[in-house]
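Below: one structure, written as structure tokens.
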Number of protein chains: 4
Amino acid sequence: MEKDAFSGWMGIKILHAGPGYCTLVAAITPEMTNGFEVCHGGVTFSIADSALAFASNSHGIKSVSIETSISHTKPVRVGDLIRAEAAEQHLSDKLATYHVTLTNQLGETVALFKGTVYRTGREWVTN
Amino acid sequence: MEKDAFSGWMGIKILHAGPGYCTLVAAITPEMTNGFEVCHGGVTFSIADSALAFASNSHGIKSVSIETSISHTKPVRVGDLIRAEAAEQHLSDKLATYHVTLTNQLGETVALFKGTVYRTGREWVTN
Amino acid sequence: MEKDAFSGWMGIKILHAGPGYCTLVAAITPEMTNGFEVCHGGVTFSIADSALAFASNSHGIKSVSIETSISHTKPVRVGDLIRAEAAEQHLSDKLATYHVTLTNQLGETVALFKGTVYRTGREWVTN
Amino acid sequence: MEKDAFSGWMGIKILHAGPGYCTLVAAITPEMTNGFEVCHGGVTFSIADSALAFASNSHGIKSVSIETSISHTKPVRVGDLIRAEAAEQHLSDKLATYHVTLTNQLGETVALFKGTVYRTGREWVTN
């Protein structure tokens, strides 16, 4: 996380993390908007993708995203506080799949994300 | 595009755009990296999502993304110049689908993106 | 359901259905296998897609699938009894999104399916 | 192919196949329809998934589907002749990604499919 410059730019704060799950929050700033004056879909995706990365790497095995998808269900606006919860749906030797649900400060679902990762088998060195 | 703050932050330059297509480029900066010292998957997604937005709104009808997916096929690193080409695969009254291919400066495919948009039927006002 | 010939071929039995959800089961027969002697991925998809159709049309508004995806997490074999549970994640005027979880007779997850439908606004005539 | 019972049920005929690609056709029969009197989405998916399987296994390395998605762009009806063309978009040691385009006898695109496979590293034995 300390080395993750883009998650830093997004102002991501991790609330909970453990083997196979992660909950984080990020506030939407004016820099994150698109031409419709709502949050760029790439920012919402990025918040979810960060939750996926933290959840999938939590087992100590380096995991890389191979396929992810997102459905936007409600516009996200400047000032919204977005919460992303990643939950492991499947874990095998080489592959794992996660759902990430994104909600706003009113508890409304703003996006549904699914991600599959490839587990490289290499352990993280933590010194 | 002028009002799209996040595309501005990403340094996106549109090379070509017209009804149903868009080609744009963006250079990867240190701010865009993740904990693996490669480009955050959300940045690559965002570049593709911008190409989708420009291509799908090019018909003059406001279009909003409803479902998008991305497969990362090769790591993207600081200094890479990423080119995104969006091509319309299907266009109907209410829905349209696009493929966006992302390549690096060597012409290698780094990601494959697919996006479906809902066409609201509202015209863009271009004053 | 009575008019759904392919769901009939698959031997689908609906256990529960109501507004926004559906649980059904189907047994895997030798006709459903592929060249690997396991169930063809299209059959598992079809079972999930039927659950999506029943759940999304349960509100009385004709809904058509626009984008669906499936992750296969465990092989399905002849004799397995597959249970599909569709749960509504999002419902708006024009669009709705569902997760369908597929499990075998041991309760193991064999596939994860996500589907987004377009709600046409036309009501079902039921006489 | 000879051992693929479900592809046989669907009446699939392979027109061309080679390393990384496959073109096949299948005719839509009354058994393949759903409650809307159009072809069940699972049948269209299955035709595409078969094209993916033939294209991805054509390199002689056993490949299994890990994530696939389909966008339905036009209804498919009884009597339609569906052509599926699978084209390799990416090939690496462990993963490969394919687009499959489905068209009807008028050349209209009826569905767009994307699939990612895991390459097990085990060779096919061809005696």
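Chain labels run A, B, ... following the order of the structure tokens; each chain numbers its residues from 1, and ligands are numbered from 1 in the order shown.
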
Least-squares align chain B to chain C using all Cα atoms paired by position, then dump the moved coordinates as a compact mmCIF listing (two decimals) with N, CA and C atoms, in the first residue's frame.
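Contents of the output file superposed_7.txt:
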# COMPACT_ATOMS: atom_id res chain seq x y z
N MET B 1 -42.28 -20.38 -18.59
CA MET B 1 -41.50 -21.61 -18.40
C MET B 1 -42.03 -22.74 -19.27
N GLU B 2 -43.38 -22.88 -19.36
CA GLU B 2 -43.94 -23.97 -20.17
C GLU B 2 -43.51 -23.89 -21.64
N LYS B 3 -43.27 -22.67 -22.09
CA LYS B 3 -42.92 -22.48 -23.51
C LYS B 3 -41.41 -22.51 -23.73
N ASP B 4 -40.64 -22.72 -22.66
CA ASP B 4 -39.19 -22.64 -22.77
C ASP B 4 -38.63 -24.03 -23.08
N ALA B 5 -38.49 -24.33 -24.40
CA ALA B 5 -38.09 -25.67 -24.83
C ALA B 5 -36.70 -26.04 -24.34
N PHE B 6 -35.78 -25.10 -24.38
CA PHE B 6 -34.41 -25.44 -24.04
C PHE B 6 -34.26 -25.68 -22.54
N SER B 7 -34.95 -24.88 -21.70
CA SER B 7 -34.94 -25.16 -20.27
C SER B 7 -35.54 -26.55 -20.00
N GLY B 8 -36.53 -26.92 -20.81
CA GLY B 8 -37.10 -28.27 -20.71
C GLY B 8 -36.08 -29.34 -21.06
N TRP B 9 -35.35 -29.14 -22.14
CA TRP B 9 -34.31 -30.10 -22.55
C TRP B 9 -33.30 -30.27 -21.42
N MET B 10 -32.98 -29.17 -20.74
CA MET B 10 -31.99 -29.22 -19.66
C MET B 10 -32.57 -29.84 -18.38
N GLY B 11 -33.87 -30.07 -18.33
CA GLY B 11 -34.47 -30.69 -17.16
C GLY B 11 -34.52 -29.77 -15.95
N ILE B 12 -34.64 -28.49 -16.22
CA ILE B 12 -34.63 -27.50 -15.12
C ILE B 12 -35.91 -27.58 -14.29
N LYS B 13 -35.73 -27.58 -12.97
CA LYS B 13 -36.87 -27.53 -12.02
C LYS B 13 -36.72 -26.27 -11.18
N ILE B 14 -37.75 -25.44 -11.16
CA ILE B 14 -37.70 -24.23 -10.33
C ILE B 14 -38.11 -24.59 -8.90
N LEU B 15 -37.26 -24.22 -7.94
CA LEU B 15 -37.56 -24.50 -6.52
C LEU B 15 -38.28 -23.32 -5.88
N HIS B 16 -37.78 -22.12 -6.14
CA HIS B 16 -38.37 -20.90 -5.58
C HIS B 16 -38.26 -19.82 -6.64
N ALA B 17 -39.25 -18.95 -6.71
CA ALA B 17 -39.14 -17.79 -7.59
C ALA B 17 -40.03 -16.70 -7.04
N GLY B 18 -39.58 -15.47 -7.18
CA GLY B 18 -40.35 -14.34 -6.71
C GLY B 18 -39.73 -13.08 -7.28
N PRO B 19 -40.23 -11.91 -6.87
CA PRO B 19 -39.72 -10.67 -7.43
C PRO B 19 -38.21 -10.52 -7.21
N GLY B 20 -37.43 -10.68 -8.27
CA GLY B 20 -36.00 -10.43 -8.20
C GLY B 20 -35.15 -11.62 -7.81
N TYR B 21 -35.78 -12.78 -7.60
CA TYR B 21 -34.92 -13.93 -7.28
C TYR B 21 -35.48 -15.20 -7.89
N CYS B 22 -34.65 -16.22 -7.95
CA CYS B 22 -35.05 -17.53 -8.47
C CYS B 22 -34.02 -18.55 -8.05
N THR B 23 -34.48 -19.70 -7.61
CA THR B 23 -33.59 -20.83 -7.35
C THR B 23 -34.09 -22.00 -8.17
N LEU B 24 -33.20 -22.63 -8.92
CA LEU B 24 -33.59 -23.77 -9.74
C LEU B 24 -32.49 -24.82 -9.69
N VAL B 25 -32.83 -26.02 -10.09
CA VAL B 25 -31.85 -27.11 -10.13
C VAL B 25 -31.94 -27.83 -11.48
N ALA B 26 -30.81 -28.46 -11.85
CA ALA B 26 -30.77 -29.28 -13.06
C ALA B 26 -29.71 -30.35 -12.87
N ALA B 27 -30.00 -31.55 -13.36
CA ALA B 27 -29.05 -32.66 -13.27
C ALA B 27 -28.25 -32.75 -14.57
N ILE B 28 -26.95 -33.03 -14.44
CA ILE B 28 -26.07 -33.09 -15.62
C ILE B 28 -26.11 -34.50 -16.22
N THR B 29 -26.48 -34.56 -17.51
CA THR B 29 -26.61 -35.84 -18.22
C THR B 29 -25.45 -36.00 -19.21
N PRO B 30 -25.25 -37.23 -19.72
CA PRO B 30 -24.15 -37.45 -20.68
C PRO B 30 -24.24 -36.57 -21.92
N GLU B 31 -25.46 -36.18 -22.33
CA GLU B 31 -25.62 -35.34 -23.53
C GLU B 31 -25.03 -33.94 -23.33
N MET B 32 -24.75 -33.59 -22.08
CA MET B 32 -24.30 -32.23 -21.78
C MET B 32 -22.79 -32.11 -21.67
N THR B 33 -22.07 -33.17 -22.01
CA THR B 33 -20.61 -33.13 -21.82
C THR B 33 -19.90 -32.61 -23.05
N ASN B 34 -18.64 -32.20 -22.82
CA ASN B 34 -17.82 -31.71 -23.94
C ASN B 34 -16.66 -32.69 -24.17
N GLY B 35 -15.69 -32.26 -24.95
CA GLY B 35 -14.57 -33.14 -25.30
C GLY B 35 -13.68 -33.51 -24.13
N PHE B 36 -13.83 -32.86 -22.97
CA PHE B 36 -13.03 -33.21 -21.79
C PHE B 36 -13.76 -34.17 -20.87
N GLU B 37 -14.94 -34.67 -21.30
CA GLU B 37 -15.78 -35.56 -20.49
C GLU B 37 -16.28 -34.88 -19.22
N VAL B 38 -16.28 -33.58 -19.24
CA VAL B 38 -16.95 -32.81 -18.19
C VAL B 38 -18.06 -32.03 -18.86
N CYS B 39 -18.91 -31.43 -18.06
CA CYS B 39 -20.04 -30.68 -18.59
C CYS B 39 -19.55 -29.52 -19.46
N HIS B 40 -20.18 -29.34 -20.61
CA HIS B 40 -19.86 -28.22 -21.51
C HIS B 40 -20.14 -26.91 -20.78
N GLY B 41 -19.23 -25.95 -20.89
CA GLY B 41 -19.41 -24.65 -20.23
C GLY B 41 -20.71 -23.97 -20.64
N GLY B 42 -21.17 -24.26 -21.84
CA GLY B 42 -22.41 -23.66 -22.30
C GLY B 42 -23.63 -24.15 -21.54
N VAL B 43 -23.57 -25.36 -21.02
CA VAL B 43 -24.70 -25.89 -20.24
C VAL B 43 -24.79 -25.18 -18.89
N THR B 44 -23.64 -25.05 -18.23
CA THR B 44 -23.61 -24.34 -16.95
C THR B 44 -24.09 -22.91 -17.15
N PHE B 45 -23.60 -22.27 -18.22
CA PHE B 45 -24.05 -20.91 -18.53
C PHE B 45 -25.56 -20.89 -18.74
N SER B 46 -26.08 -21.87 -19.46
CA SER B 46 -27.52 -21.89 -19.79
C SER B 46 -28.38 -22.02 -18.55
N ILE B 47 -27.93 -22.83 -17.60
CA ILE B 47 -28.66 -22.99 -16.34
C ILE B 47 -28.71 -21.64 -15.61
N ALA B 48 -27.56 -20.95 -15.57
CA ALA B 48 -27.50 -19.64 -14.92
C ALA B 48 -28.36 -18.62 -15.68
N ASP B 49 -28.30 -18.67 -17.00
CA ASP B 49 -29.04 -17.71 -17.82
C ASP B 49 -30.55 -17.90 -17.65
N SER B 50 -30.98 -19.15 -17.45
CA SER B 50 -32.41 -19.40 -17.18
C SER B 50 -32.80 -18.80 -15.83
N ALA B 51 -31.94 -18.97 -14.84
CA ALA B 51 -32.23 -18.38 -13.52
C ALA B 51 -32.33 -16.85 -13.63
N LEU B 52 -31.43 -16.27 -14.42
CA LEU B 52 -31.47 -14.82 -14.67
C LEU B 52 -32.80 -14.42 -15.32
N ALA B 53 -33.22 -15.18 -16.32
CA ALA B 53 -34.45 -14.85 -17.04
C ALA B 53 -35.66 -14.91 -16.12
N PHE B 54 -35.74 -15.97 -15.30
CA PHE B 54 -36.89 -16.09 -14.40
C PHE B 54 -36.88 -14.98 -13.34
N ALA B 55 -35.70 -14.70 -12.79
CA ALA B 55 -35.62 -13.66 -11.74
C ALA B 55 -35.92 -12.27 -12.30
N SER B 56 -35.41 -11.98 -13.48
CA SER B 56 -35.55 -10.61 -14.00
C SER B 56 -36.93 -10.35 -14.59
N ASN B 57 -37.61 -11.40 -15.04
CA ASN B 57 -38.96 -11.23 -15.58
C ASN B 57 -40.03 -11.34 -14.50
N SER B 58 -39.61 -11.61 -13.28
CA SER B 58 -40.55 -11.84 -12.18
C SER B 58 -41.31 -10.58 -11.77
N HIS B 59 -40.83 -9.41 -12.20
CA HIS B 59 -41.53 -8.18 -11.85
C HIS B 59 -42.68 -7.88 -12.81
N GLY B 60 -42.86 -8.75 -13.81
CA GLY B 60 -43.97 -8.54 -14.74
C GLY B 60 -43.63 -7.67 -15.93
N ILE B 61 -42.37 -7.22 -16.01
CA ILE B 61 -41.91 -6.39 -17.12
C ILE B 61 -40.95 -7.23 -17.95
N LYS B 62 -41.21 -7.31 -19.26
CA LYS B 62 -40.34 -8.12 -20.11
C LYS B 62 -38.91 -7.57 -20.08
N SER B 63 -37.96 -8.45 -19.77
CA SER B 63 -36.56 -8.06 -19.63
C SER B 63 -35.72 -8.92 -20.54
N VAL B 64 -34.77 -8.31 -21.22
CA VAL B 64 -33.89 -9.08 -22.09
C VAL B 64 -32.44 -8.88 -21.68
N SER B 65 -31.70 -9.99 -21.72
CA SER B 65 -30.30 -9.98 -21.31
C SER B 65 -29.48 -9.15 -22.27
N ILE B 66 -28.63 -8.25 -21.76
CA ILE B 66 -27.76 -7.52 -22.66
C ILE B 66 -26.29 -7.84 -22.46
N GLU B 67 -25.91 -8.25 -21.28
CA GLU B 67 -24.50 -8.57 -21.05
C GLU B 67 -24.42 -9.54 -19.89
N THR B 68 -23.76 -10.66 -20.11
CA THR B 68 -23.63 -11.66 -19.05
C THR B 68 -22.20 -12.19 -19.07
N SER B 69 -21.72 -12.61 -17.89
CA SER B 69 -20.39 -13.21 -17.84
C SER B 69 -20.41 -14.35 -16.84
N ILE B 70 -19.52 -15.32 -17.06
CA ILE B 70 -19.44 -16.46 -16.15
C ILE B 70 -17.98 -16.82 -15.91
N SER B 71 -17.68 -17.14 -14.65
CA SER B 71 -16.37 -17.67 -14.27
C SER B 71 -16.59 -19.11 -13.81
N HIS B 72 -15.91 -20.03 -14.45
CA HIS B 72 -16.01 -21.44 -14.05
C HIS B 72 -14.97 -21.69 -12.97
N THR B 73 -15.41 -22.17 -11.82
CA THR B 73 -14.47 -22.31 -10.71
C THR B 73 -14.16 -23.77 -10.36
N LYS B 74 -14.94 -24.71 -10.88
CA LYS B 74 -14.72 -26.12 -10.55
C LYS B 74 -15.38 -26.95 -11.65
N PRO B 75 -14.78 -28.06 -12.09
CA PRO B 75 -15.41 -28.86 -13.14
C PRO B 75 -16.76 -29.44 -12.69
N VAL B 76 -17.68 -29.52 -13.64
CA VAL B 76 -18.99 -30.12 -13.41
C VAL B 76 -19.03 -31.42 -14.19
N ARG B 77 -19.50 -32.52 -13.55
CA ARG B 77 -19.44 -33.84 -14.18
C ARG B 77 -20.84 -34.46 -14.31
N VAL B 78 -20.93 -35.49 -15.13
CA VAL B 78 -22.18 -36.23 -15.30
C VAL B 78 -22.65 -36.74 -13.94
N GLY B 79 -23.91 -36.54 -13.66
CA GLY B 79 -24.48 -36.97 -12.39
C GLY B 79 -24.56 -35.86 -11.35
N ASP B 80 -23.82 -34.79 -11.57
CA ASP B 80 -23.90 -33.66 -10.62
C ASP B 80 -25.29 -33.03 -10.68
N LEU B 81 -25.74 -32.55 -9.52
CA LEU B 81 -26.99 -31.80 -9.46
C LEU B 81 -26.61 -30.34 -9.20
N ILE B 82 -26.90 -29.52 -10.18
CA ILE B 82 -26.47 -28.11 -10.10
C ILE B 82 -27.63 -27.24 -9.65
N ARG B 83 -27.36 -26.41 -8.66
CA ARG B 83 -28.34 -25.48 -8.12
C ARG B 83 -27.90 -24.07 -8.48
N ALA B 84 -28.81 -23.29 -9.03
CA ALA B 84 -28.51 -21.89 -9.40
C ALA B 84 -29.39 -20.97 -8.60
N GLU B 85 -28.77 -20.01 -7.93
CA GLU B 85 -29.52 -19.02 -7.16
C GLU B 85 -29.26 -17.64 -7.73
N ALA B 86 -30.32 -17.03 -8.24
CA ALA B 86 -30.19 -15.67 -8.80
C ALA B 86 -30.68 -14.66 -7.78
N ALA B 87 -29.88 -13.63 -7.55
CA ALA B 87 -30.24 -12.58 -6.58
C ALA B 87 -30.06 -11.22 -7.23
N GLU B 88 -31.07 -10.38 -7.12
CA GLU B 88 -31.03 -9.05 -7.71
C GLU B 88 -30.09 -8.15 -6.93
N GLN B 89 -29.16 -7.52 -7.64
CA GLN B 89 -28.20 -6.63 -7.01
C GLN B 89 -28.58 -5.18 -7.22
N HIS B 90 -29.35 -4.94 -8.26
CA HIS B 90 -29.68 -3.56 -8.64
C HIS B 90 -30.91 -3.59 -9.54
N LEU B 91 -31.81 -2.64 -9.33
CA LEU B 91 -33.02 -2.55 -10.16
C LEU B 91 -33.31 -1.08 -10.40
N SER B 92 -33.32 -0.68 -11.68
CA SER B 92 -33.77 0.68 -11.99
C SER B 92 -34.85 0.59 -13.05
N ASP B 93 -35.29 1.72 -13.54
CA ASP B 93 -36.39 1.75 -14.50
C ASP B 93 -36.06 0.94 -15.75
N LYS B 94 -34.86 1.08 -16.25
CA LYS B 94 -34.51 0.48 -17.55
C LYS B 94 -33.55 -0.69 -17.45
N LEU B 95 -32.82 -0.81 -16.34
CA LEU B 95 -31.75 -1.81 -16.23
C LEU B 95 -31.83 -2.52 -14.88
N ALA B 96 -31.37 -3.76 -14.87
CA ALA B 96 -31.25 -4.47 -13.60
C ALA B 96 -30.06 -5.43 -13.70
N THR B 97 -29.42 -5.70 -12.55
CA THR B 97 -28.24 -6.56 -12.52
C THR B 97 -28.42 -7.65 -11.47
N TYR B 98 -27.99 -8.85 -11.81
CA TYR B 98 -28.17 -10.03 -10.97
C TYR B 98 -26.85 -10.79 -10.84
N HIS B 99 -26.63 -11.39 -9.68
CA HIS B 99 -25.60 -12.39 -9.49
C HIS B 99 -26.30 -13.75 -9.46
N VAL B 100 -25.72 -14.72 -10.13
CA VAL B 100 -26.21 -16.10 -10.02
C VAL B 100 -25.04 -16.96 -9.53
N THR B 101 -25.24 -17.65 -8.42
CA THR B 101 -24.22 -18.55 -7.88
C THR B 101 -24.64 -19.97 -8.19
N LEU B 102 -23.72 -20.75 -8.76
CA LEU B 102 -24.02 -22.15 -9.09
C LEU B 102 -23.23 -23.05 -8.16
N THR B 103 -23.93 -23.98 -7.54
CA THR B 103 -23.28 -24.91 -6.62
C THR B 103 -23.64 -26.35 -7.01
N ASN B 104 -22.79 -27.29 -6.58
CA ASN B 104 -23.11 -28.71 -6.84
C ASN B 104 -23.75 -29.34 -5.60
N GLN B 105 -23.99 -30.65 -5.64
CA GLN B 105 -24.70 -31.34 -4.56
C GLN B 105 -23.92 -31.36 -3.25
N LEU B 106 -22.62 -31.01 -3.32
CA LEU B 106 -21.80 -30.93 -2.10
C LEU B 106 -21.75 -29.49 -1.56
N GLY B 107 -22.45 -28.59 -2.26
CA GLY B 107 -22.45 -27.20 -1.82
C GLY B 107 -21.24 -26.41 -2.31
N GLU B 108 -20.42 -27.04 -3.15
CA GLU B 108 -19.24 -26.35 -3.69
C GLU B 108 -19.66 -25.42 -4.83
N THR B 109 -19.07 -24.22 -4.86
CA THR B 109 -19.36 -23.28 -5.94
C THR B 109 -18.67 -23.76 -7.22
N VAL B 110 -19.45 -23.95 -8.28
CA VAL B 110 -18.87 -24.40 -9.55
C VAL B 110 -18.77 -23.27 -10.57
N ALA B 111 -19.56 -22.23 -10.39
CA ALA B 111 -19.49 -21.09 -11.32
C ALA B 111 -20.12 -19.86 -10.70
N LEU B 112 -19.63 -18.69 -11.12
CA LEU B 112 -20.16 -17.39 -10.70
C LEU B 112 -20.57 -16.64 -11.95
N PHE B 113 -21.80 -16.18 -11.97
CA PHE B 113 -22.40 -15.57 -13.16
C PHE B 113 -22.92 -14.19 -12.78
N LYS B 114 -22.74 -13.24 -13.69
CA LYS B 114 -23.31 -11.90 -13.49
C LYS B 114 -24.07 -11.52 -14.74
N GLY B 115 -25.26 -10.98 -14.60
CA GLY B 115 -26.04 -10.61 -15.78
C GLY B 115 -26.73 -9.28 -15.61
N THR B 116 -26.72 -8.49 -16.70
CA THR B 116 -27.43 -7.22 -16.74
C THR B 116 -28.51 -7.32 -17.82
N VAL B 117 -29.71 -6.90 -17.46
CA VAL B 117 -30.84 -6.96 -18.40
C VAL B 117 -31.37 -5.56 -18.70
N TYR B 118 -31.98 -5.44 -19.88
CA TYR B 118 -32.67 -4.23 -20.27
C TYR B 118 -34.16 -4.49 -20.09
N ARG B 119 -34.82 -3.59 -19.37
CA ARG B 119 -36.24 -3.75 -19.09
C ARG B 119 -37.03 -2.97 -20.13
N THR B 120 -37.75 -3.70 -20.98
CA THR B 120 -38.36 -3.09 -22.16
C THR B 120 -39.52 -2.17 -21.82
N GLY B 121 -40.09 -2.35 -20.63
CA GLY B 121 -41.25 -1.54 -20.26
C GLY B 121 -42.56 -2.18 -20.70
N ARG B 122 -42.47 -3.26 -21.49
CA ARG B 122 -43.71 -3.94 -21.89
C ARG B 122 -44.09 -4.96 -20.83
N GLU B 123 -45.37 -4.96 -20.47
CA GLU B 123 -45.83 -5.92 -19.47
C GLU B 123 -46.09 -7.28 -20.10
N TRP B 124 -45.91 -8.31 -19.31
CA TRP B 124 -46.28 -9.66 -19.72
C TRP B 124 -47.80 -9.77 -19.69
N VAL B 125 -48.38 -10.37 -20.71
CA VAL B 125 -49.81 -10.66 -20.71
C VAL B 125 -49.96 -12.08 -20.18
N THR B 126 -50.82 -12.21 -19.17
CA THR B 126 -50.85 -13.49 -18.45
C THR B 126 -52.17 -14.23 -18.58
N ASN B 127 -52.73 -14.21 -19.78
CA ASN B 127 -54.01 -14.90 -19.96
C ASN B 127 -53.82 -16.41 -20.02

*Write out as a ChimeraX atom specification all residues of chain A that backbone DSSP assigns to strand (DSSP E or B).*
/A:13-18,21-27,33,39,61-72,81-91,95-103,109-123

*Please run DSSP on the backbone and report, as a PyMOL selection string, all residues within chain A that come out as alpha helix (DSSP H).*
chain A and resi 5-9+41-56
